[in-house]
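Data block for run_16.pdb (PDB, C-alpha atoms):
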ATOM      1  CA  MET A 761     109.060  84.375 113.633
ATOM      2  CA  LEU A 762     109.381  88.027 114.616
ATOM      3  CA  LEU A 763     106.321  89.106 112.627
ATOM      4  CA  GLU A 764     103.314  87.175 111.404
ATOM      5  CA  ASN A 765     103.056  89.243 108.233
ATOM      6  CA  LEU A 766     105.231  91.529 106.182
ATOM      7  CA  GLU A 767     103.814  95.034 106.352
ATOM      8  CA  TRP A 768     104.161  97.344 103.377
ATOM      9  CA  ASN A 769     105.414 100.783 104.398
ATOM     10  CA  ASP A 770     105.092 103.846 102.177
ATOM     11  CA  GLU A 771     108.709 104.642 103.056
ATOM     12  CA  TYR A 772     109.571 101.715 100.758
ATOM     13  CA  ARG A 773     108.219 103.652  97.777
ATOM     14  CA  ILE A 774     110.818 104.742  95.224
ATOM     15  CA  GLY A 775     108.571 107.275  93.486
ATOM     16  CA  HIS A 776     107.566 105.305  90.377
ATOM     17  CA  ASP A 777     103.965 104.094  90.624
ATOM     18  CA  LYS A 778     104.298 100.929  88.538
ATOM     19  CA  VAL A 779     107.473  99.777  90.298
ATOM     20  CA  ASP A 780     106.001 100.606  93.709
ATOM     21  CA  ASP A 781     102.780  98.714  92.952
ATOM     22  CA  GLU A 782     104.800  95.672  91.889
ATOM     23  CA  HIS A 783     106.855  95.809  95.092
ATOM     24  CA  LYS A 784     103.639  95.947  97.087
ATOM     25  CA  TYR A 785     102.257  92.952  95.185
ATOM     26  CA  LEU A 786     105.412  90.961  96.021
ATOM     27  CA  PHE A 787     104.669  91.599  99.690
ATOM     28  CA  GLY A 788     101.166  90.219  99.143
ATOM     29  CA  ILE A 789     102.438  86.962  97.608
ATOM     30  CA  ALA A 790     104.946  86.536 100.448
ATOM     31  CA  ASN A 791     102.181  86.990 103.003
ATOM     32  CA  ASP A 792     100.041  84.406 101.187
ATOM     33  CA  ILE A 793     102.898  81.931 101.706
ATOM     34  CA  LEU A 794     103.304  82.866 105.365
ATOM     35  CA  ASN A 795      99.598  82.189 105.882
ATOM     36  CA  ALA A 796      99.321  79.082 103.680
ATOM     37  CA  GLY A 797      99.081  76.584 106.534
ATOM     38  CA  ASP A 798     100.656  73.115 106.292
ATOM     39  CA  ASP A 799      99.978  72.313 102.635
ATOM     40  CA  LYS A 800     103.487  71.986 101.154
ATOM     41  CA  ASP A 801     102.208  71.578  97.601
ATOM     42  CA  HIS A 802     100.243  74.809  97.894
ATOM     43  CA  ILE A 803     103.285  76.565  99.374
ATOM     44  CA  LYS A 804     105.435  75.367  96.467
ATOM     45  CA  GLU A 805     102.930  76.730  93.955
ATOM     46  CA  LEU A 806     102.895  80.079  95.748
ATOM     47  CA  ILE A 807     106.700  80.222  95.765
ATOM     48  CA  LYS A 808     106.714  79.464  92.030
ATOM     49  CA  LYS A 809     104.267  82.354  91.644
ATOM     50  CA  LEU A 810     106.623  84.559  93.684
ATOM     51  CA  ILE A 811     109.557  83.587  91.436
ATOM     52  CA  LEU A 812     107.595  84.210  88.244
ATOM     53  CA  TYR A 813     106.321  87.584  89.392
ATOM     54  CA  THR A 814     109.736  88.608  90.734
ATOM     55  CA  ARG A 815     111.288  87.803  87.348
ATOM     56  CA  THR A 816     108.619  89.870  85.544
ATOM     57  CA  HIS A 817     109.029  92.728  88.015
ATOM     58  CA  PHE A 818     112.806  92.768  87.592
ATOM     59  CA  LEU A 819     112.469  92.991  83.808
ATOM     60  CA  ASN A 820     110.027  95.892  84.166
ATOM     61  CA  GLU A 821     112.327  97.620  86.632
ATOM     62  CA  GLN A 822     115.342  97.143  84.354
ATOM     63  CA  ASN A 823     113.439  98.598  81.398
ATOM     64  CA  TYR A 824     112.561 101.605  83.543
ATOM     65  CA  MET A 825     116.206 102.083  84.566
ATOM     66  CA  LYS A 826     117.245 101.893  80.915
ATOM     67  CA  SER A 827     114.670 104.559  80.027
ATOM     68  CA  ILE A 828     116.221 107.008  82.511
ATOM     69  CA  ASN A 829     119.816 105.997  81.639
ATOM     70  CA  TYR A 830     120.520 104.869  85.172
ATOM     71  CA  TYR A 831     124.287 104.921  85.686
ATOM     72  CA  ASP A 832     124.577 101.652  87.657
ATOM     73  CA  LEU A 833     122.233  99.476  85.606
ATOM     74  CA  GLU A 834     124.593  96.542  85.052
ATOM     75  CA  LYS A 835     125.371  96.208  88.739
ATOM     76  CA  HIS A 836     121.640  96.373  89.526
ATOM     77  CA  ILE A 837     120.950  93.594  87.011
ATOM     78  CA  GLU A 838     123.529  91.405  88.771
ATOM     79  CA  PHE A 839     121.701  91.941  92.071
ATOM     80  CA  HIS A 840     118.475  90.815  90.373
ATOM     81  CA  LYS A 841     120.140  87.648  89.061
ATOM     82  CA  GLN A 842     121.441  86.782  92.518
ATOM     83  CA  ILE A 843     118.020  87.246  94.125
ATOM     84  CA  LEU A 844     116.399  84.961  91.535
ATOM     85  CA  ASN A 845     119.117  82.350  92.088
ATOM     86  CA  ASN A 846     118.478  82.496  95.826
ATOM     87  CA  LEU A 847     114.734  82.073  95.250
ATOM     88  CA  ASN A 848     115.250  79.045  93.014
ATOM     89  CA  ASN A 849     117.606  77.471  95.565
ATOM     90  CA  PHE A 850     114.993  78.097  98.239
ATOM     91  CA  LEU A 851     112.342  76.330  96.140
ATOM     92  CA  ALA A 852     114.631  73.355  95.504
ATOM     93  CA  ASN A 853     115.273  72.949  99.236
ATOM     94  CA  ILE A 854     111.603  72.844 100.264
ATOM     95  CA  PRO A 855     111.365  69.004 100.463
ATOM     96  CA  ASN A 856     114.024  69.100 103.192
ATOM     97  CA  LEU A 857     112.148  71.599 105.362
ATOM     98  CA  GLN A 858     109.220  71.503 107.757
ATOM     99  CA  THR A 859     106.374  73.922 107.050
ATOM    100  CA  ASN A 860     107.333  76.277 109.871
ATOM    101  CA  GLN A 861     110.940  76.269 108.611
ATOM    102  CA  ILE A 862     109.755  77.158 105.107
ATOM    103  CA  GLN A 863     107.831  80.137 106.426
ATOM    104  CA  GLU A 864     110.670  81.284 108.703
ATOM    105  CA  LYS A 865     113.217  81.026 105.898
ATOM    106  CA  LEU A 866     110.882  82.819 103.511
ATOM    107  CA  LEU A 867     110.538  85.691 105.975
ATOM    108  CA  GLU A 868     114.322  85.826 106.278
ATOM    109  CA  PHE A 869     114.698  85.686 102.484
ATOM    110  CA  VAL A 870     112.234  88.507 101.838
ATOM    111  CA  THR A 871     113.896  90.598 104.532
ATOM    112  CA  THR A 872     117.458  90.145 103.276
ATOM    113  CA  ASN A 873     116.861  89.907  99.525
ATOM    114  CA  ILE A 874     113.768  91.912  98.646
ATOM    115  CA  ILE A 875     113.180  94.534 101.342
ATOM    116  CA  ASN A 876     116.854  95.425 101.696
ATOM    117  CA  HIS A 877     117.168  95.548  97.895
ATOM    118  CA  ILE A 878     114.272  98.023  97.749
ATOM    119  CA  LEU A 879     115.615 100.111 100.620
ATOM    120  CA  VAL A 880     119.169 100.354  99.274
ATOM    121  CA  GLU A 881     119.501  99.687  95.540
ATOM    122  CA  ASP A 882     116.031 100.746  94.396
ATOM    123  CA  LYS A 883     116.228 103.889  96.542
ATOM    124  CA  LYS A 884     119.404 104.817  94.634
ATOM    125  CA  VAL A 885     117.337 104.786  91.429
ATOM    126  CA  HIS A 886     114.779 107.020  93.181
ATOM    127  CA  HIS A 887     117.509 109.524  94.063
ATOM    128  CA  PHE A 888     118.992 109.439  90.588
ATOM    129  CA  ARG A 889     115.787 110.711  88.978
ATOM    130  CA  ARG A 890     115.209 113.474  91.542
ATOM    131  CA  THR A 891     116.669 116.964  91.266
ATOM    132  CA  ARG A 892     118.792 118.282  94.127
ATOM    133  CA  GLU A 893     115.961 120.647  95.063
ATOM    134  CA  GLU A 894     113.453 117.772  95.243
ATOM    135  CA  LEU A 895     115.821 115.718  97.385
ATOM    136  CA  ARG A 896     116.269 118.587  99.819
ATOM    137  CA  THR A 897     112.487 119.089 100.028
ATOM    138  CA  ILE A 898     111.655 115.454 100.863
ATOM    139  CA  PHE A 899     114.559 115.050 103.272
ATOM    140  CA  ARG A 900     113.023 115.693 106.700
ATOM    141  CA  TRP A 901     112.109 113.978 109.960
ATOM    142  CA  LYS A 902     108.677 112.331 109.996
ATOM    143  CA  SER A 903     106.679 111.062 112.942
ATOM    144  CA  ILE A 904     106.454 107.602 111.367
ATOM    145  CA  TYR A 905     110.180 107.218 112.061
ATOM    146  CA  GLU A 906     109.471 107.106 115.810
ATOM    147  CA  ILE A 907     109.979 103.713 117.451
ATOM    148  CA  GLY A 908     108.267 104.587 120.733
ATOM    149  CA  ASN A 909     111.328 105.024 122.948
ATOM    150  CA  ASN A 910     111.714 108.714 123.825
ATOM    151  CA  SER A 911     115.473 108.641 124.291
ATOM    152  CA  ILE A 912     116.149 106.748 121.047
ATOM    153  CA  ASP A 913     113.654 108.884 119.099
ATOM    154  CA  LEU A 914     115.266 112.126 120.328
ATOM    155  CA  GLU A 915     118.674 110.850 119.234
ATOM    156  CA  HIS A 916     117.276 109.921 115.812
ATOM    157  CA  LYS A 917     115.840 113.447 115.480
ATOM    158  CA  LYS A 918     119.210 114.965 116.386
ATOM    159  CA  LEU A 919     120.875 112.863 113.676
ATOM    160  CA  PHE A 920     118.400 114.383 111.203
ATOM    161  CA  ASP A 921     119.092 117.899 112.469
ATOM    162  CA  ILE A 922     122.821 117.424 111.932
ATOM    163  CA  ALA A 923     122.293 115.862 108.506
ATOM    164  CA  ILE A 924     120.002 118.669 107.348
ATOM    165  CA  GLU A 925     122.644 121.198 108.424
ATOM    166  CA  ALA A 926     125.040 119.506 105.982
ATOM    167  CA  VAL A 927     122.961 120.679 102.998
ATOM    168  CA  ASN A 928     122.244 124.153 104.424
ATOM    169  CA  TYR A 929     125.592 125.686 103.554
ATOM    170  CA  ASN A 930     124.231 129.186 102.686
ATOM    171  CA  GLY A 931     127.146 130.549 100.686
ATOM    172  CA  LYS A 932     129.844 128.767 102.690
ATOM    173  CA  ASP A 933     132.557 126.651 101.090
ATOM    174  CA  ILE A 934     130.411 123.610 100.301
ATOM    175  CA  LEU A 935     133.083 120.941 100.624
ATOM    176  CA  LYS A 936     134.476 122.276 103.901
ATOM    177  CA  HIS A 937     131.021 122.772 105.372
ATOM    178  CA  VAL A 938     129.762 119.344 104.348
ATOM    179  CA  LYS A 939     132.871 117.564 105.585
ATOM    180  CA  LYS A 940     132.703 119.359 108.957
ATOM    181  CA  THR A 941     129.008 118.533 109.363
ATOM    182  CA  VAL A 942     129.366 114.936 108.190
ATOM    183  CA  ILE A 943     132.160 114.368 110.710
ATOM    184  CA  GLU A 944     129.856 115.765 113.419
ATOM    185  CA  LEU A 945     127.151 113.388 112.205
ATOM    186  CA  TYR A 946     129.621 110.496 112.229
ATOM    187  CA  ASP A 947     130.686 111.239 115.823
ATOM    188  CA  TYR A 948     127.124 111.527 117.089
ATOM    189  CA  MET A 949     126.061 108.422 115.178
ATOM    190  CA  LYS A 950     128.644 106.388 117.087
ATOM    191  CA  VAL A 951     127.306 107.760 120.387
ATOM    192  CA  HIS A 952     123.743 106.949 119.363
ATOM    193  CA  PHE A 953     124.593 103.447 118.218
ATOM    194  CA  ALA A 954     126.336 102.744 121.533
ATOM    195  CA  ASN A 955     123.218 103.898 123.423
ATOM    196  CA  GLU A 956     120.912 101.889 121.185
ATOM    197  CA  GLU A 957     123.054  98.774 121.611
ATOM    198  CA  GLU A 958     122.912  99.141 125.395
ATOM    199  CA  PHE A 959     119.123  99.498 125.138
ATOM    200  CA  MET A 960     118.932  96.263 123.112
ATOM    201  CA  ARG A 961     121.251  94.491 125.541
ATOM    202  CA  GLN A 962     119.042  95.430 128.491
ATOM    203  CA  LEU A 963     116.001  94.153 126.594
ATOM    204  CA  ASP A 964     117.806  90.881 125.831
ATOM    205  CA  TYR A 965     116.844  91.548 122.208
ATOM    206  CA  PRO A 966     117.302  88.271 120.238
ATOM    207  CA  PHE A 967     118.740  89.987 117.136
ATOM    208  CA  TYR A 968     121.281  92.029 119.072
ATOM    209  CA  GLU A 969     124.373  90.653 117.295
ATOM    210  CA  GLN A 970     122.872  91.075 113.819
ATOM    211  CA  HIS A 971     121.868  94.649 114.631
ATOM    212  CA  ILE A 972     125.377  95.519 115.817
ATOM    213  CA  LYS A 973     126.760  94.303 112.471
ATOM    214  CA  LEU A 974     124.346  96.642 110.691
ATOM    215  CA  HIS A 975     125.632  99.530 112.815
ATOM    216  CA  GLU A 976     129.197  98.605 111.904
ATOM    217  CA  ASN A 977     128.260  98.585 108.205
ATOM    218  CA  ILE A 978     126.675 102.046 108.441
ATOM    219  CA  ILE A 979     129.772 103.436 110.162
ATOM    220  CA  GLY A 980     131.940 101.804 107.490
ATOM    221  CA  GLN A 981     129.869 103.389 104.707
ATOM    222  CA  MET A 982     130.194 106.777 106.429
ATOM    223  CA  ASN A 983     133.979 106.368 106.620
ATOM    224  CA  LEU A 984     134.134 105.685 102.890
ATOM    225  CA  PHE A 985     131.981 108.737 102.158
ATOM    226  CA  ILE A 986     134.134 111.056 104.292
ATOM    227  CA  LYS A 987     137.229 109.892 102.394
ATOM    228  CA  GLU A 988     135.474 110.581  99.070
ATOM    229  CA  ILE A 989     134.401 114.151  99.864
ATOM    230  CA  PRO A 990     137.633 115.949  98.801
ATOM    231  CA  ILE A 991     137.572 114.413  95.310
ATOM    232  CA  LEU A 992     133.874 114.959  94.551
ATOM    233  CA  ALA A 993     132.230 117.920  92.838
ATOM    234  CA  PRO A 994     130.140 120.069  95.249
ATOM    235  CA  GLU A 995     126.808 119.165  93.657
ATOM    236  CA  ILE A 996     127.676 115.459  93.891
ATOM    237  CA  VAL A 997     128.632 115.838  97.547
ATOM    238  CA  GLU A 998     125.260 117.364  98.395
ATOM    239  CA  ARG A 999     123.385 114.605  96.581
ATOM    240  CA  LYS A1000     125.475 111.926  98.256
ATOM    241  CA  VAL A1001     124.878 113.382 101.725
ATOM    242  CA  ILE A1002     121.150 113.008 101.218
ATOM    243  CA  GLU A1003     121.544 109.603  99.580
ATOM    244  CA  TYR A1004     123.702 108.372 102.431
ATOM    245  CA  ILE A1005     121.301 109.541 105.130
ATOM    246  CA  ASP A1006     118.182 108.291 103.361
ATOM    247  CA  ILE A1007     119.591 104.891 102.431
ATOM    248  CA  TRP A1008     121.790 104.057 105.389
ATOM    249  CA  LEU A1009     120.192 105.972 108.261
ATOM    250  CA  VAL A1010     116.487 106.528 107.503
ATOM    251  CA  ASN A1011     116.015 102.992 106.193
ATOM    252  CA  HIS A1012     117.806 101.588 109.231
ATOM    253  CA  ILE A1013     115.415 103.514 111.504
ATOM    254  CA  VAL A1014     112.317 102.666 109.465
ATOM    255  CA  TYR A1015     113.083  98.969 109.088
ATOM    256  CA  GLU A1016     115.660  97.629 111.539
ATOM    257  CA  ASP A1017     114.887  99.861 114.528
ATOM    258  CA  GLN A1018     111.168  99.238 114.055
ATOM    259  CA  LYS A1019     111.917  95.550 114.584
ATOM    260  CA  ILE A1020     113.063  96.399 118.109
ATOM    261  CA  SER A1021     109.826  98.292 118.718
ATOM    262  CA  ASN A1022     107.724  95.437 117.319
ATOM    263  CA  TRP A1023     109.597  92.890 119.437
ATOM    264  CA  VAL A1024     108.981  94.960 122.592
ATOM    265  CA  LYS A1025     105.259  95.193 121.771
ATOM    266  CA  LEU A1026     104.958  91.458 121.080
ATOM    267  CA  ASN A1027     106.687  90.531 124.333
ATOM    268  CA  ALA A1028     104.627  92.978 126.366
ATOM    269  CA  GLN A1029     101.445  91.097 125.508
TER     270      GLN A1029
END
Translate this file's structure into structure tokens.
Amino acid sequence: MLLENLEWNDEYRIGHDKVDDEHKYLFGIANDILNAGDDKDHIKELIKKLILYTRTHFLNEQNYMKSINYYDLEKHIEFHKQILNNLNNFLANIPNLQTNQIQEKLLEFVTTNIINHILVEDKKVHHFRRTREELRTIFRWKSIYEIGNNSIDLEHKKLFDIAIEAVNYNGKDILKHVKKTVIELYDYMKVHFANEEEFMRQLDYPFYEQHIKLHENIIGQMNLFIKEIPILAPEIVERKVIEYIDIWLVNHIVYEDQKISNWVKLNAQ
């Protein structure tokens, strides 16, 4: 496994204390399973606990989204149903797995189903309840985004600088300014991704192919956003710029790029 434990990161917070505390508790249950040893019966009980708590958490989260009239509630509920189905299928398949396989697959499940759900879908809820002014205030580079490679970190900072310029239009035509800046961001993002992929290739990073697919997805999302700009209201464009960067770029740096850093540290020991 890449990591022995799943580490909670405050960047995973969506800004609602109860929801955030429940997310953090889910991490704790997952880590209990990862450290449960070879007792399959105990592991099964812990996974049942994870399923039960996940179901309770999803209901609480859905009630919260209803209370704020979240626009994409039904789609979010469908994501929840799929995650629970995946968890139940995982539990049913335990008799066919060795203990180390159970733990490896659990780590993969939490990464793809829970963490990514928090970083993408739950972050959208976070943005929905924030004013434009609040979003602009919290949108900034932070030292915790650094992965420890000077060249990569400088490129990440430049991406932030370009993105911040997109919402600093200062009386200019908002749509024209945003589109021009987003295209600049798009062009530099492709340069950065190419450099990062070469860095991973030189490291012989084991998750190189998966990471490239994530880059392709981010570029695809950016393409869709650029096409949407002319038909969106100015205030929606500004919100979506911040949403795009926070969900697709910041989360990629905080989670996926940190995996590269962690892998380098583990293999340097």
For this session: I need the residue set behind the PyMOL selection byres ((chain A and resi 909) around 12) for this file; please write it as number ranges by chain.
Result: A: 905-908, 910-916, 955-956, 959-960, 1017-1018, 1020-1022, 1024-1025
Problem set entry | Nearest residue to Asn795 (chain A) from the set A:Glu925, A:Glu834, A:Glu995, A:Glu864 (distances using all atoms listed in the file) | A:Glu864
For this session: Work out how far apart CA of Glu893 (chain A) and CA of Ile986 (chain A) are and give it in Å to one decimal.
Result: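 Spanning CA of Glu893 (chain A) to CA of Ile986 (chain A) is a straight-line distance of 22.5 Å.
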For this session: Report as an NGL selection string the full result of the PyMOL selection byres ((chain A and resi 776-787) around 8) when it is applied to this structure.
Result: :A and (766-768 or 772-775 or 788-791 or 810 or 813-814 or 817 or 820-821 or 886)
For this session: Go through A:Asn829, A:Gln981, A:Gln970, A:Asn823 one by one, measure the shortest atom-to-atom distance of each to Arg889 (chain A) using all atoms listed in the file, and give the residue with the smallest value.
Result: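 Closest residue, counting all atoms listed in the file: A:Asn829.
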Residue members of the PyMOL selection byres ((chain A and resi 857-863) around 8) in the file shown, as a PDB file with C-alpha atoms, keeping the file's coordinate frame:
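Output contents, as saved in expr-v5.pdb:
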ATOM      1  CA  ILE A 793     102.898  81.931 101.706  1.00  0.00           C
ATOM      2  CA  LEU A 794     103.304  82.866 105.365  1.00  0.00           C
ATOM      3  CA  GLY A 797      99.081  76.584 106.534  1.00  0.00           C
ATOM      4  CA  ASP A 798     100.656  73.115 106.292  1.00  0.00           C
ATOM      5  CA  ASP A 799      99.978  72.313 102.635  1.00  0.00           C
ATOM      6  CA  LYS A 800     103.487  71.986 101.154  1.00  0.00           C
ATOM      7  CA  ASN A 853     115.273  72.949  99.236  1.00  0.00           C
ATOM      8  CA  ILE A 854     111.603  72.844 100.264  1.00  0.00           C
ATOM      9  CA  PRO A 855     111.365  69.004 100.463  1.00  0.00           C
ATOM     10  CA  ASN A 856     114.024  69.100 103.192  1.00  0.00           C
ATOM     11  CA  GLU A 864     110.670  81.284 108.703  1.00  0.00           C
ATOM     12  CA  LYS A 865     113.217  81.026 105.898  1.00  0.00           C
ATOM     13  CA  LEU A 866     110.882  82.819 103.511  1.00  0.00           C
ATOM     14  CA  LEU A 867     110.538  85.691 105.975  1.00  0.00           C
TER      15      LEU A 867
END
For this session: Figure out the distance between CA of Leu1026 (chain A) and CA of Asn765 (chain A), please, to one decimal in Å.
Result: 13.2 Å
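Minimum distance to Val997 (chain A) across A:Glu881, A:Ser903, A:Phe985, A:Glu958 (counting all atoms listed in the file) occurs at A:Phe985.
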For this session: Find the distance between CA of Thr891 (chain A) and CA of Lys987 (chain A) and write it in Å to one decimal.
Result: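 Atom-to-atom, CA of Thr891 (chain A) and CA of Lys987 (chain A) are spaced 24.4 Å apart.
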Exercise. For Asp947 (chain A), which residue among A:Asp933, A:Ser827, A:Ile991, A:Asn983 is the nearest when counting all atoms listed in the file?
Worked result: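 Distance minimum relative to Asp947 (chain A) lands on A:Asn983.
Nearest residue to Ile843 (chain A) among A:Phe869, A:Tyr830, A:Trp1008, A:Phe953 is A:Phe869, counting all atoms listed in the file.
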For this session: May I ask which of the residues A:Lys808, A:His887, A:Arg999, A:His1012 is the closest one to Asn849 (chain A), counting all atoms listed in the file?
Result: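 Of the candidates, the smallest distance to Asn849 (chain A) is held by A:Lys808.
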For this session: Might you pull out every residue within 8 Å of Tyr946 (chain A), with only C-alpha atoms counted and same-chain residues fewer than 3 positions away left off, and present them as a PyMOL selection string?
Result: chain A and resi 942-943+949-950+979+982
Problem set entry | Ile922 (chain A) environment, 10 Å, only C-alpha atoms, sequence neighbours closer than 4 positions dropped, as a list of chain:residue names | A:Lys917, A:Lys918, A:Ala926, A:Val927, A:Thr941, A:Val942, A:Ile943, A:Glu944, A:Leu945, A:Tyr946, A:Tyr948
Dump C-alpha atoms for the selected residues as a compact mmCIF listing (two decimals), keeping the file's coordinate frame?
# COMPACT_ATOMS: atom_id res chain seq x y z
CA LYS A 917 115.84 113.45 115.48
CA LYS A 918 119.21 114.96 116.39
CA ALA A 926 125.04 119.51 105.98
CA VAL A 927 122.96 120.68 103.00
CA THR A 941 129.01 118.53 109.36
CA VAL A 942 129.37 114.94 108.19
CA ILE A 943 132.16 114.37 110.71
CA GLU A 944 129.86 115.76 113.42
CA LEU A 945 127.15 113.39 112.20
CA TYR A 946 129.62 110.50 112.23
CA TYR A 948 127.12 111.53 117.09
Exercise. Residues at most 10 Å from Lys884 (chain A), counting all atoms listed in the file, excluding those fewer than 5 positions away in the same chain, as a list in words?
Worked result: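 That gives Ile774, Tyr830, Asp832, Ile878, Leu879, Arg889, Glu1003, Tyr1004, Asp1006 and Ile1007 of chain A.
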Got a minute to add N, CA and C atoms to region 808-824 of chain A and dump it as a PDB file, in the frame of the given file?
ATOM      1  N   LYS A 808     106.520  79.370  93.488  1.00  0.00           N
ATOM      2  CA  LYS A 808     106.714  79.464  92.030  1.00  0.00           C
ATOM      3  C   LYS A 808     106.086  80.759  91.494  1.00  0.00           C
ATOM      4  N   LYS A 809     104.926  81.104  92.038  1.00  0.00           N
ATOM      5  CA  LYS A 809     104.267  82.354  91.644  1.00  0.00           C
ATOM      6  C   LYS A 809     105.139  83.545  92.029  1.00  0.00           C
ATOM      7  N   LEU A 810     105.742  83.485  93.223  1.00  0.00           N
ATOM      8  CA  LEU A 810     106.623  84.559  93.684  1.00  0.00           C
ATOM      9  C   LEU A 810     107.825  84.698  92.749  1.00  0.00           C
ATOM     10  N   ILE A 811     108.403  83.558  92.344  1.00  0.00           N
ATOM     11  CA  ILE A 811     109.557  83.587  91.436  1.00  0.00           C
ATOM     12  C   ILE A 811     109.170  84.187  90.095  1.00  0.00           C
ATOM     13  N   LEU A 812     108.042  83.728  89.552  1.00  0.00           N
ATOM     14  CA  LEU A 812     107.595  84.210  88.244  1.00  0.00           C
ATOM     15  C   LEU A 812     107.329  85.708  88.273  1.00  0.00           C
ATOM     16  N   TYR A 813     106.651  86.162  89.322  1.00  0.00           N
ATOM     17  CA  TYR A 813     106.321  87.584  89.392  1.00  0.00           C
ATOM     18  C   TYR A 813     107.572  88.422  89.651  1.00  0.00           C
ATOM     19  N   THR A 814     108.484  87.892  90.468  1.00  0.00           N
ATOM     20  CA  THR A 814     109.736  88.608  90.734  1.00  0.00           C
ATOM     21  C   THR A 814     110.519  88.785  89.442  1.00  0.00           C
ATOM     22  N   ARG A 815     110.571  87.724  88.623  1.00  0.00           N
ATOM     23  CA  ARG A 815     111.288  87.803  87.348  1.00  0.00           C
ATOM     24  C   ARG A 815     110.654  88.874  86.444  1.00  0.00           C
ATOM     25  N   THR A 816     109.322  88.876  86.362  1.00  0.00           N
ATOM     26  CA  THR A 816     108.619  89.870  85.544  1.00  0.00           C
ATOM     27  C   THR A 816     108.876  91.280  86.070  1.00  0.00           C
ATOM     28  N   HIS A 817     108.798  91.422  87.397  1.00  0.00           N
ATOM     29  CA  HIS A 817     109.029  92.728  88.015  1.00  0.00           C
ATOM     30  C   HIS A 817     110.445  93.230  87.719  1.00  0.00           C
ATOM     31  N   PHE A 818     111.428  92.359  87.835  1.00  0.00           N
ATOM     32  CA  PHE A 818     112.806  92.768  87.592  1.00  0.00           C
ATOM     33  C   PHE A 818     112.998  93.244  86.157  1.00  0.00           C
ATOM     34  N   LEU A 819     112.375  92.559  85.205  1.00  0.00           N
ATOM     35  CA  LEU A 819     112.469  92.991  83.808  1.00  0.00           C
ATOM     36  C   LEU A 819     111.847  94.373  83.619  1.00  0.00           C
ATOM     37  N   ASN A 820     110.683  94.587  84.245  1.00  0.00           N
ATOM     38  CA  ASN A 820     110.027  95.892  84.166  1.00  0.00           C
ATOM     39  C   ASN A 820     110.897  96.981  84.791  1.00  0.00           C
ATOM     40  N   GLU A 821     111.485  96.654  85.927  1.00  0.00           N
ATOM     41  CA  GLU A 821     112.327  97.620  86.632  1.00  0.00           C
ATOM     42  C   GLU A 821     113.574  97.947  85.814  1.00  0.00           C
ATOM     43  N   GLN A 822     114.151  96.919  85.180  1.00  0.00           N
ATOM     44  CA  GLN A 822     115.342  97.143  84.354  1.00  0.00           C
ATOM     45  C   GLN A 822     115.021  97.997  83.125  1.00  0.00           C
ATOM     46  N   ASN A 823     113.845  97.772  82.539  1.00  0.00           N
ATOM     47  CA  ASN A 823     113.439  98.598  81.398  1.00  0.00           C
ATOM     48  C   ASN A 823     113.262 100.056  81.821  1.00  0.00           C
ATOM     49  N   TYR A 824     112.717 100.238  83.025  1.00  0.00           N
ATOM     50  CA  TYR A 824     112.561 101.605  83.543  1.00  0.00           C
ATOM     51  C   TYR A 824     113.925 102.258  83.748  1.00  0.00           C
TER      52      TYR A 824
END
